[in-house]
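Dumped protein_15.cif below, it's mmCIF, C-alpha atoms (C1' of nucleotides):
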data_protein
#
loop_
_atom_site.label_atom_id
_atom_site.label_comp_id
_atom_site.auth_asym_id
_atom_site.auth_seq_id
_atom_site.Cartn_x
_atom_site.Cartn_y
_atom_site.Cartn_z
CA MET A 11 0.00 0.00 0.00
CA PRO A 12 2.04 2.95 -1.25
CA TYR A 13 -0.21 5.62 0.26
CA SER A 14 -1.28 5.33 3.87
CA LYS A 15 -4.63 6.38 5.19
CA SER A 16 -3.14 9.18 7.19
CA HIS A 17 -1.37 10.45 4.09
CA LYS A 18 -4.71 10.77 2.33
CA GLN A 19 -6.18 12.54 5.33
CA GLN A 20 -3.30 14.99 5.38
CA THR A 21 -3.62 15.70 1.68
CA ARG A 22 -7.33 16.25 2.05
CA GLN A 23 -6.70 18.62 4.94
CA ARG A 24 -4.21 20.60 2.86
CA MET A 25 -6.72 20.86 0.05
CA LEU A 26 -9.35 22.14 2.46
CA MET A 27 -7.03 24.80 3.84
CA SER A 28 -6.19 25.99 0.34
CA ALA A 29 -9.86 25.96 -0.57
CA VAL A 30 -10.80 28.08 2.44
CA LYS A 31 -8.08 30.57 1.65
CA LEU A 32 -8.91 30.95 -2.03
CA PHE A 33 -12.70 30.63 -1.93
CA THR A 34 -13.01 33.15 0.90
CA ARG A 35 -11.12 35.86 -0.94
CA ARG A 36 -12.30 35.20 -4.46
CA GLY A 37 -15.62 33.40 -4.25
CA PHE A 38 -16.81 30.21 -5.89
CA ASP A 39 -16.66 31.13 -9.57
CA ASN A 40 -13.38 33.01 -9.49
CA THR A 41 -11.54 30.14 -7.87
CA SER A 42 -10.62 27.18 -10.07
CA ILE A 43 -9.86 23.65 -9.00
CA ASP A 44 -6.48 24.11 -10.64
CA GLU A 45 -5.64 26.98 -8.33
CA VAL A 46 -6.72 25.15 -5.21
CA MET A 47 -4.69 22.11 -6.17
CA ALA A 48 -1.64 24.17 -7.09
CA ASP A 49 -1.86 25.95 -3.74
CA ALA A 50 -1.89 22.54 -2.06
CA ASP A 51 1.11 21.45 -4.17
CA LEU A 52 -0.88 19.00 -6.25
CA THR A 53 -2.23 18.84 -9.76
CA ARG A 54 -5.72 18.85 -11.16
CA GLY A 55 -6.03 15.11 -11.68
CA ALA A 56 -5.68 14.27 -8.00
CA PHE A 57 -8.73 16.28 -7.10
CA TYR A 58 -11.42 13.70 -7.66
CA ALA A 59 -9.80 11.14 -5.40
CA HIS A 60 -10.83 13.43 -2.54
CA PHE A 61 -14.00 15.30 -3.51
CA LYS A 62 -16.67 14.46 -5.98
CA SER A 63 -17.16 18.00 -7.26
CA LYS A 64 -16.13 21.61 -6.84
CA GLN A 65 -19.43 22.30 -5.08
CA GLU A 66 -18.67 19.60 -2.52
CA LEU A 67 -15.26 21.11 -1.83
CA TYR A 68 -16.84 24.53 -1.39
CA ALA A 69 -19.42 23.25 1.09
CA GLU A 70 -16.84 21.33 3.11
CA ALA A 71 -14.44 24.25 3.09
CA ILE A 72 -17.08 26.51 4.58
CA ALA A 73 -18.08 23.95 7.20
CA SER A 74 -14.43 23.53 8.18
CA THR A 75 -13.94 27.20 9.07
CA LEU A 76 -15.75 27.05 12.38
CA VAL A 77 -12.69 25.78 14.17
CA PHE A 78 -10.62 28.77 13.04
CA SER A 79 -12.88 31.27 14.74
CA PRO A 80 -11.30 32.93 17.76
CA LEU A 81 -14.61 32.28 19.54
CA THR A 82 -13.89 28.55 19.49
CA ARG A 83 -10.41 28.94 20.92
CA PRO A 84 -9.44 29.38 24.51
CA ARG A 85 -8.57 32.95 25.34
CA GLU A 86 -5.30 33.89 26.90
CA ALA A 87 -5.48 33.53 30.64
CA ASP A 88 -4.32 37.01 31.56
CA VAL A 89 -7.20 38.91 29.91
CA ASP A 90 -10.62 39.01 31.47
CA GLU A 91 -13.59 37.81 29.44
CA LYS A 92 -15.10 41.16 28.69
CA THR A 93 -11.85 42.75 27.52
CA TRP A 94 -11.19 39.74 25.36
CA LEU A 95 -14.57 39.88 23.62
CA VAL A 96 -14.33 43.63 23.05
CA GLY A 97 -10.95 43.00 21.48
CA LEU A 98 -12.42 40.40 19.13
CA ILE A 99 -15.17 42.76 18.00
CA ASN A 100 -12.71 45.58 17.42
CA ALA A 101 -10.41 43.29 15.44
CA TYR A 102 -13.29 41.97 13.37
CA LEU A 103 -14.44 45.45 12.39
CA HIS A 104 -10.92 46.58 11.58
CA ARG A 105 -9.39 47.57 8.27
CA LYS A 106 -6.76 44.88 8.62
CA HIS A 107 -9.44 42.21 8.66
CA VAL A 108 -10.97 43.69 5.52
CA ALA A 109 -7.74 44.30 3.64
CA ASP A 110 -5.29 41.59 4.49
CA ALA A 111 -6.26 39.17 7.21
CA GLU A 112 -4.58 35.83 6.91
CA MET A 113 -7.89 34.10 7.61
CA PRO A 114 -10.76 36.49 6.92
CA CYS A 115 -14.27 35.61 8.03
CA PRO A 116 -16.15 33.61 5.36
CA LEU A 117 -19.48 34.73 6.80
CA ALA A 118 -18.63 38.28 5.76
CA PHE A 119 -16.62 37.57 2.63
CA LEU A 120 -18.99 34.98 1.15
CA ALA A 121 -22.42 36.19 2.27
CA THR A 122 -23.89 36.75 -1.19
CA ASP A 123 -21.59 34.22 -2.85
CA VAL A 124 -23.06 31.36 -0.82
CA ALA A 125 -26.62 32.42 -1.56
CA LEU A 126 -26.00 31.45 -5.20
CA GLN A 127 -24.68 27.95 -4.53
CA ASP A 128 -26.30 24.58 -3.91
CA PRO A 129 -28.27 23.70 -0.75
CA ALA A 130 -25.35 21.85 0.86
CA SER A 131 -23.17 24.97 0.70
CA ARG A 132 -25.90 27.20 2.04
CA GLN A 133 -26.53 24.80 4.87
CA ALA A 134 -22.83 24.74 5.70
CA TYR A 135 -22.84 28.54 5.87
CA ALA A 136 -26.06 28.61 7.90
CA GLY A 137 -24.58 26.05 10.28
CA VAL A 138 -21.49 28.16 10.91
CA PHE A 139 -23.61 31.28 11.35
CA LYS A 140 -25.88 29.63 13.88
CA LYS A 141 -23.07 28.06 15.87
CA MET A 142 -21.14 31.32 15.97
CA ASN A 143 -24.24 33.05 17.25
CA LYS A 144 -24.77 30.43 19.95
CA MET A 145 -21.19 30.78 21.16
CA PHE A 146 -21.39 34.55 21.02
CA GLN A 147 -24.63 34.51 23.00
CA ALA A 148 -23.32 32.10 25.62
CA TYR A 149 -20.23 34.24 26.03
CA ILE A 150 -21.87 37.62 26.29
CA ARG A 151 -24.29 36.37 28.93
CA LYS A 152 -21.43 36.29 31.41
CA PHE A 153 -21.10 40.04 31.67
CA SER A 154 -23.91 41.71 29.72
CA SER A 155 -27.68 41.68 29.83
CA ALA A 156 -28.02 41.77 26.04
CA ASP A 157 -30.53 39.15 24.89
CA ASN A 158 -30.16 36.67 22.04
CA GLU A 159 -32.02 38.88 19.55
CA THR A 160 -29.62 41.72 20.21
CA VAL A 161 -26.61 39.48 19.72
CA MET A 162 -27.99 38.22 16.42
CA ALA A 163 -28.60 41.76 15.17
CA VAL A 164 -25.10 42.75 16.21
CA THR A 165 -23.71 39.77 14.30
CA ALA A 166 -25.58 40.92 11.19
CA MET A 167 -24.14 44.41 11.65
CA MET A 168 -20.62 43.08 11.98
CA ILE A 169 -20.90 40.82 8.95
CA GLY A 170 -22.64 43.51 6.91
CA GLY A 171 -20.10 46.13 7.94
CA VAL A 172 -17.14 44.03 6.83
CA ALA A 173 -18.84 42.93 3.60
CA ILE A 174 -19.68 46.50 2.60
CA ALA A 175 -16.30 47.84 3.70
CA ARG A 176 -14.72 45.46 1.22
CA THR A 177 -16.51 47.14 -1.66
CA LEU A 178 -15.29 50.62 -0.64
CA ASP A 179 -11.89 51.97 -1.57
CA GLU A 180 -9.35 51.79 1.20
CA GLY A 181 -9.33 55.06 3.08
CA ALA A 182 -11.66 57.42 4.85
CA GLY A 183 -15.03 55.99 3.78
CA ARG A 184 -14.13 52.45 4.70
CA ASN A 185 -12.65 53.38 8.07
CA GLN A 186 -15.63 55.54 8.91
CA LEU A 187 -18.03 52.68 8.25
CA LEU A 188 -16.01 50.25 10.35
CA LYS A 189 -15.72 52.72 13.19
CA SER A 190 -19.46 53.38 13.20
CA CYS A 191 -20.20 49.67 13.35
CA ARG A 192 -17.64 49.14 16.12
CA GLN A 193 -19.19 51.83 18.28
CA GLN A 194 -22.77 50.73 17.77
CA ALA A 195 -21.99 47.04 18.23
CA LEU A 196 -20.32 47.67 21.58
CA ALA A 197 -23.10 50.02 22.62
CA LEU A 198 -25.82 47.51 21.77
CA LEU A 199 -24.07 44.83 23.77
CA GLY A 200 -23.56 47.20 26.67
CA VAL A 201 -19.83 46.53 26.80
CA GLN A 202 -18.49 49.95 26.01
CA GLU A 203 -15.13 50.60 27.55
CA MET B 14 -31.38 56.54 -40.78
CA PRO B 15 -33.34 53.42 -39.97
CA TYR B 16 -32.81 53.61 -36.21
CA SER B 17 -33.48 56.86 -34.37
CA LYS B 18 -31.49 58.08 -31.43
CA SER B 19 -34.41 57.65 -29.07
CA HIS B 20 -34.82 54.08 -30.23
CA LYS B 21 -31.24 53.35 -29.23
CA GLN B 22 -31.79 55.02 -25.89
CA GLN B 23 -34.88 52.93 -25.26
CA THR B 24 -33.09 49.74 -26.17
CA ARG B 25 -30.24 50.62 -23.88
CA GLN B 26 -32.67 51.33 -21.08
CA ARG B 27 -34.35 47.97 -21.57
CA MET B 28 -30.97 46.26 -21.44
CA LEU B 29 -30.15 48.04 -18.20
CA MET B 30 -33.43 47.01 -16.60
CA SER B 31 -32.85 43.38 -17.56
CA ALA B 32 -29.30 43.59 -16.29
CA VAL B 33 -30.40 44.94 -12.92
CA LYS B 34 -33.00 42.22 -12.57
CA LEU B 35 -30.69 39.34 -13.49
CA PHE B 36 -27.42 40.54 -11.97
CA THR B 37 -29.07 41.36 -8.64
CA ARG B 38 -30.53 37.90 -8.18
CA ARG B 39 -27.77 35.84 -9.70
CA GLY B 40 -24.57 37.84 -9.49
CA PHE B 41 -22.02 38.69 -12.15
CA ASP B 42 -20.69 35.26 -13.08
CA ASN B 43 -24.00 33.42 -13.10
CA THR B 44 -25.59 35.90 -15.46
CA SER B 45 -24.66 35.65 -19.12
CA ILE B 46 -24.87 38.35 -21.76
CA ASP B 47 -27.13 35.99 -23.66
CA GLU B 48 -29.63 35.93 -20.82
CA VAL B 49 -29.64 39.69 -20.39
CA MET B 50 -30.19 40.20 -24.10
CA ALA B 51 -32.89 37.55 -24.29
CA ASP B 52 -34.69 39.18 -21.35
CA ALA B 53 -34.56 42.46 -23.26
CA ASP B 54 -35.88 40.72 -26.41
CA LEU B 55 -32.60 41.01 -28.27
CA THR B 56 -29.82 38.67 -29.30
CA ARG B 57 -26.21 38.43 -28.30
CA GLY B 58 -24.77 40.26 -31.30
CA ALA B 59 -26.54 43.52 -30.52
CA PHE B 60 -24.85 43.83 -27.15
CA TYR B 61 -21.64 45.54 -28.16
CA ALA B 62 -23.43 48.38 -29.93
CA HIS B 63 -24.42 49.56 -26.43
CA PHE B 64 -21.75 48.48 -23.96
CA LYS B 65 -18.12 47.73 -24.46
CA SER B 66 -18.00 44.78 -22.05
CA LYS B 67 -19.99 42.77 -19.53
CA GLN B 68 -18.15 44.57 -16.73
CA GLU B 69 -19.30 47.92 -18.06
CA LEU B 70 -22.91 46.75 -18.14
CA TYR B 71 -22.61 45.50 -14.56
CA ALA B 72 -21.22 48.80 -13.31
CA GLU B 73 -23.87 50.85 -15.10
CA ALA B 74 -26.64 48.54 -13.93
CA ILE B 75 -25.62 49.05 -10.32
CA ALA B 76 -25.33 52.81 -10.72
CA SER B 77 -28.79 52.93 -12.28
CA THR B 78 -30.51 51.36 -9.28
CA LEU B 79 -30.43 54.48 -7.11
CA VAL B 80 -33.57 55.86 -8.71
CA PHE B 81 -35.56 52.74 -7.80
CA SER B 82 -35.00 53.18 -4.08
CA PRO B 83 -38.14 54.17 -2.18
CA LEU B 84 -35.93 56.74 -0.40
CA THR B 85 -35.60 58.69 -3.65
CA ARG B 86 -39.35 58.72 -4.28
CA PRO B 87 -41.93 61.04 -2.78
CA ARG B 88 -43.91 59.37 -0.05
CA GLU B 89 -47.66 59.25 -0.13
CA ALA B 90 -49.13 62.42 1.30
CA ASP B 91 -51.38 60.84 3.89
CA VAL B 92 -48.60 59.15 5.94
CA ASP B 93 -46.39 61.14 8.25
CA GLU B 94 -42.65 60.99 7.77
CA LYS B 95 -41.83 58.82 10.75
CA THR B 96 -44.48 56.20 9.98
CA TRP B 97 -43.33 56.10 6.39
CA LEU B 98 -39.69 55.49 7.27
CA VAL B 99 -40.55 52.83 9.83
CA GLY B 100 -42.59 51.15 7.11
CA LEU B 101 -39.62 51.19 4.74
CA ILE B 102 -37.33 49.60 7.32
CA ASN B 103 -39.87 46.91 8.14
CA ALA B 104 -40.39 46.15 4.46
CA TYR B 105 -36.65 46.01 3.82
CA LEU B 106 -36.08 43.52 6.61
CA HIS B 107 -39.00 41.38 5.55
CA ARG B 108 -39.05 37.85 4.17
CA LYS B 109 -40.81 39.05 1.04
CA HIS B 110 -37.87 41.28 0.20
CA VAL B 111 -35.51 38.34 0.67
CA ALA B 112 -37.58 35.73 -1.14
CA ASP B 113 -39.42 37.38 -3.99
CA ALA B 114 -39.20 41.13 -4.23
CA GLU B 115 -39.67 42.42 -7.74
CA MET B 116 -36.75 44.78 -7.28
CA PRO B 117 -34.55 43.56 -4.42
CA CYS B 118 -31.82 45.81 -3.02
CA PRO B 119 -28.52 45.33 -4.89
CA LEU B 120 -26.59 46.61 -1.88
CA ALA B 121 -27.73 43.54 0.03
CA PHE B 122 -27.86 41.02 -2.79
CA LEU B 123 -24.51 41.96 -4.37
CA ALA B 124 -22.37 42.98 -1.40
CA THR B 125 -19.69 40.33 -1.79
CA ASP B 126 -20.28 39.93 -5.52
CA VAL B 127 -19.24 43.52 -6.19
CA ALA B 128 -16.12 43.20 -4.08
CA LEU B 129 -14.76 40.78 -6.69
CA GLN B 130 -15.33 43.01 -9.72
CA ASP B 131 -13.39 45.84 -11.34
CA PRO B 132 -12.93 49.29 -9.75
CA ALA B 133 -15.70 50.90 -11.81
CA SER B 134 -18.25 48.42 -10.44
CA ARG B 135 -17.07 48.83 -6.89
CA GLN B 136 -17.24 52.60 -7.23
CA ALA B 137 -20.77 52.35 -8.60
CA TYR B 138 -21.77 50.29 -5.56
CA ALA B 139 -19.97 52.63 -3.17
CA GLY B 140 -21.68 55.60 -4.79
CA VAL B 141 -25.13 54.10 -4.28
CA PHE B 142 -24.27 53.15 -0.69
CA LYS B 143 -23.07 56.64 0.16
CA LYS B 144 -26.00 58.40 -1.47
CA MET B 145 -28.50 56.12 0.24
CA ASN B 146 -26.84 56.87 3.55
CA LYS B 147 -26.97 60.62 2.92
CA MET B 148 -30.67 60.48 2.12
CA PHE B 149 -31.35 58.24 5.08
CA GLN B 150 -29.46 60.58 7.38
CA ALA B 151 -31.19 63.71 6.06
CA TYR B 152 -34.54 62.03 6.51
CA ILE B 153 -34.07 60.66 10.00
CA ARG B 154 -32.92 64.03 11.27
CA LYS B 155 -36.48 65.32 11.01
CA PHE B 156 -37.78 63.23 13.89
CA SER B 157 -34.89 61.48 15.59
CA SER B 158 -31.70 62.49 17.32
CA ALA B 159 -29.72 59.57 15.87
CA ASP B 160 -26.41 60.81 14.48
CA ASN B 161 -24.82 59.93 11.15
CA GLU B 162 -22.64 57.20 12.61
CA THR B 163 -25.68 55.46 14.02
CA VAL B 164 -27.50 55.64 10.70
CA MET B 165 -24.51 54.17 8.91
CA ALA B 166 -24.28 51.27 11.37
CA VAL B 167 -28.02 50.65 11.02
CA THR B 168 -27.61 50.56 7.24
CA ALA B 169 -24.87 47.95 7.62
CA MET B 170 -27.16 45.92 9.88
CA MET B 171 -30.02 46.09 7.40
CA ILE B 172 -27.85 45.10 4.45
CA GLY B 173 -26.09 42.39 6.42
CA GLY B 174 -29.38 41.06 7.76
CA VAL B 175 -30.90 40.68 4.31
CA ALA B 176 -27.71 39.23 2.81
CA ILE B 177 -27.40 36.58 5.52
CA ALA B 178 -31.14 35.84 5.51
CA ARG B 179 -30.80 34.89 1.86
CA THR B 180 -28.36 32.12 2.73
CA LEU B 181 -30.71 30.60 5.32
CA ASP B 182 -33.55 28.27 4.43
CA GLU B 183 -36.93 29.91 4.34
CA GLY B 184 -38.60 29.46 7.68
CA ALA B 185 -38.00 30.05 11.34
CA GLY B 186 -34.27 30.86 11.31
CA ARG B 187 -34.56 33.40 8.56
CA ASN B 188 -37.60 35.13 10.06
CA GLN B 189 -35.97 35.26 13.46
CA LEU B 190 -32.90 36.99 12.06
CA LEU B 191 -34.98 39.53 10.15
CA LYS B 192 -37.13 40.24 13.20
CA SER B 193 -34.09 40.77 15.42
CA CYS B 194 -32.61 43.23 12.92
CA ARG B 195 -35.92 45.07 12.57
CA GLN B 196 -36.24 45.54 16.31
CA GLN B 197 -32.65 46.66 16.85
CA ALA B 198 -32.64 48.97 13.84
CA LEU B 199 -35.74 50.80 15.02
CA ALA B 200 -34.41 50.93 18.58
CA LEU B 201 -31.06 52.39 17.49
CA LEU B 202 -32.83 55.07 15.48
CA GLY B 203 -35.16 55.83 18.37
CA VAL B 204 -38.25 55.38 16.23
CA GLN B 205 -39.88 52.48 17.97
CA GLU B 206 -43.63 52.45 17.58
"C1'" DG C 21 -3.08 8.50 -4.92
"C1'" DT C 22 -1.14 11.35 -8.16
"C1'" DC C 23 0.19 12.39 -12.57
"C1'" DT C 24 -0.46 14.03 -17.81
"C1'" DA C 25 -3.66 14.44 -21.46
"C1'" DT C 26 -8.01 15.44 -23.17
"C1'" DA C 27 -12.95 15.50 -23.81
"C1'" DG C 28 -16.87 18.51 -23.60
"C1'" DA C 29 -19.47 22.60 -22.37
"C1'" DA C 30 -20.11 27.41 -21.49
"C1'" DA C 31 -19.67 32.00 -22.44
"C1'" DG C 32 -17.18 36.57 -23.76
"C1'" DA C 33 -16.06 38.87 -27.69
"C1'" DT C 34 -15.75 39.66 -32.84
"C1'" DA C 35 -17.01 39.43 -38.10
"C1'" DG C 36 -19.89 40.35 -41.60
"C1'" DA C 37 -24.61 40.31 -43.78
"C1'" DC C 38 -28.77 43.03 -43.82
"C1'" DG D 17 -28.68 48.63 -34.82
"C1'" DT D 18 -29.57 43.99 -34.92
"C1'" DC D 19 -28.96 39.62 -36.61
"C1'" DT D 20 -26.43 34.78 -37.27
"C1'" DA D 21 -22.15 32.48 -37.19
"C1'" DT D 22 -17.81 31.72 -35.19
"C1'" DC D 23 -13.37 32.29 -32.84
"C1'" DT D 24 -11.22 31.67 -28.53
"C1'" DT D 25 -10.49 30.90 -23.87
"C1'" DT D 26 -11.50 28.83 -19.62
"C1'" DC D 27 -12.58 25.28 -16.70
"C1'" DT D 28 -15.04 21.07 -14.90
"C1'" DA D 29 -14.70 16.48 -15.15
"C1'" DT D 30 -12.86 12.00 -16.96
"C1'" DA D 31 -9.35 8.48 -18.89
"C1'" DG D 32 -5.46 5.99 -18.41
"C1'" DA D 33 -0.39 5.47 -17.19
"C1'" DC D 34 2.53 4.87 -13.16
#
As structure tokens, please, write out the structure in this file.
Amino acid sequence: MPYSKSHKQQTRQRMLMSAVKLFTRRGFDNTSIDEVMADADLTRGAFYAHFKSKQELYAEAIASTLVFSPLTRPREADVDEKTWLVGLINAYLHRKHVADAEMPCPLAFLATDVALQDPASRQAYAGVFKKMNKMFQAYIRKFSSADNETVMAVTAMMIGGVAIARTLDEGAGRNQLLKSCRQQALALLGVQE
Amino acid sequence: MPYSKSHKQQTRQRMLMSAVKLFTRRGFDNTSIDEVMADADLTRGAFYAHFKSKQELYAEAIASTLVFSPLTRPREADVDEKTWLVGLINAYLHRKHVADAEMPCPLAFLATDVALQDPASRQAYAGVFKKMNKMFQAYIRKFSSADNETVMAVTAMMIGGVAIARTLDEGAGRNQLLKSCRQQALALLGVQE
DNA sequence: GTCTATAGAAAGATAGAC
DNA sequence: GTCTATCTTTCTATAGAC
């Protein structure tokens, strides 16, 4: 057996990472299987040993992003919970996230892209959105009285803010939008510094 | 001269209307020139007498949508200004807008689609976004103390809410998101009924 | 499992008749 | 200005060697 099971798993994982990176920045149609495979140091032909179609790769890539969210990772021990969450919100609605984050948020970058794809992809996106909201809600409850509806609306504002900021030229307009969303998000959650 | 100038203008206008309709629902890549021309009762070959490329059509289609916004139209005389605006916000964040509006909002439906296109298209989108915000801000000032930053954040929430709602299956989850955004938008603007 | 080669389809853009 | 016909490129997906 020239290729072990774990080798296949590793290859598949590399393909998924490349897919997340490329799909998130360039969307479904502007990303080719060739590019994903090249980014994973493979060639086109190897693709179908791992996924049955480009759509399947897209759906799985989106589903796989949940684990990269800072919300799913343990925070550093020397920051208190509130400070940590405020930091996450500020970083999310920051020009660096919009312009050149290493791992930008697919919920913001792919919002309208996903709406055009097959049901499996939309369900993957919806699943990530719902789980993020649940974690966000569970977290905020520790130090704020904001209810679940408020958290969901704030999430929409954050995602919308980043998505729109991406369409604006870098500079004043974009920064102004992000700043407005930052302020209002923190105010709605009652966690203003 | 077998074709008058006004005939060309009318044809061009029909093409733009078809482009708005198709691009908004299906994005740039999933809409072909063929489909736009067929919708305008023309054939492929006639396209390049009016636009020099598909990208140019996309940019002009987006720019042309400003005049369809309810914000740019006179409101009916028998509703007061506050009631009218609250009605617009409720209709925007409504499942009918998401599922089957005749003229859905391109800002929400194309947010991440535009980010992938050429500078002219992004500037067209940014121009519509900024003008909508200006009108929204001028309007709200008449009966609310919400400042411009708040209005801009509310706009991001409305656009984000509709964009995300589109990715969710019709039903409870989608309606819950829209309702949360409706409530928080009205609360932020201080125009709760 | 991964490679090279290629089939097959879709769609943007152009040519030339009317 | 609008039509039909076509060139050309791109890319998904498959075939077959190793």
- Please report as a ChimeraX atom specification which residues of chain A come no farther than 9 Å from chain B, using only C-alpha atoms. /A:35-37,39-40,117-126,129,132-133,135-136,139-140,158-174,176-179,183,186-195,198
- Message: Env of Glu115 (chain B): 10 Å cut, atoms = all atoms listed in the file, seq-sep filter 4 positions within chain, self excluded. Answer as a ChimeraX atom specification.
- Response: /B:34,109-110
- Query: Residues at most 10 Å from DA35 (chain C), counting all atoms listed in the file, excluding those fewer than 2 positions away in the same chain, as a list in words?
  - Reply: DA37 of chain C; DA21, DT22 and DC23 of chain D
- Non-local contacts of DG28 (chain C) (12 Å; all atoms listed in the file; under 5 positions in same chain excluded) as a PyMOL selection string: chain D and resi 27-30
- Quick one, how far is C1' of DT25 (chain D) from CA of Ala69 (chain A)? 27.6 Å
- Message: Taking all atoms listed in the file into account, find every residue of chain A that has an atom no more than 10 Å from chain D, and write it out as a PyMOL selection string.
- Response: chain A and resi 42-44+55+58+62-64
- Task: Compute the chain C side of the contact with chain B at 9 Å, counting only C-alpha atoms (C1' of nucleotides), and hand it back as number ranges by chain.
- Result: C: 31-33
- Message: Env of Met116 (chain B): 10 Å cut, atoms = only C-alpha atoms (C1' of nucleotides), seq-sep filter 3 positions within chain, self excluded. Answer as JSON, numbers by chain.
- Response: {"B": [33, 34, 37, 38, 78, 81, 82, 110, 113, 119]}
- Task: Kindly extract all protein, DNA and RNA residues lying within 9 Å of the coordinates (-15.1, 42.9, 16.1) given in the file, considering all atoms listed in the file, and supply them as a list in words.
- Result: Leu95, Val96, Gly97, Leu98, Ile99, Asn100, Ala101, Tyr102, Leu103, His104, Met168, Cys191, Arg192, Ala195 and Leu196 of chain A
Residues of the last selection are to be written out with C-alpha atoms, as a PDB file, keeping the file's coordinate frame.
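The resulting file, result39.pdb, is reproduced below:
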ATOM      1  CA  LEU A  95     -14.570  39.880  23.620  1.00  0.00           C
ATOM      2  CA  VAL A  96     -14.330  43.630  23.050  1.00  0.00           C
ATOM      3  CA  GLY A  97     -10.950  43.000  21.480  1.00  0.00           C
ATOM      4  CA  LEU A  98     -12.420  40.400  19.130  1.00  0.00           C
ATOM      5  CA  ILE A  99     -15.170  42.760  18.000  1.00  0.00           C
ATOM      6  CA  ASN A 100     -12.710  45.580  17.420  1.00  0.00           C
ATOM      7  CA  ALA A 101     -10.410  43.290  15.440  1.00  0.00           C
ATOM      8  CA  TYR A 102     -13.290  41.970  13.370  1.00  0.00           C
ATOM      9  CA  LEU A 103     -14.440  45.450  12.390  1.00  0.00           C
ATOM     10  CA  HIS A 104     -10.920  46.580  11.580  1.00  0.00           C
ATOM     11  CA  MET A 168     -20.620  43.080  11.980  1.00  0.00           C
ATOM     12  CA  CYS A 191     -20.200  49.670  13.350  1.00  0.00           C
ATOM     13  CA  ARG A 192     -17.640  49.140  16.120  1.00  0.00           C
ATOM     14  CA  ALA A 195     -21.990  47.040  18.230  1.00  0.00           C
ATOM     15  CA  LEU A 196     -20.320  47.670  21.580  1.00  0.00           C
TER      16      LEU A 196
END
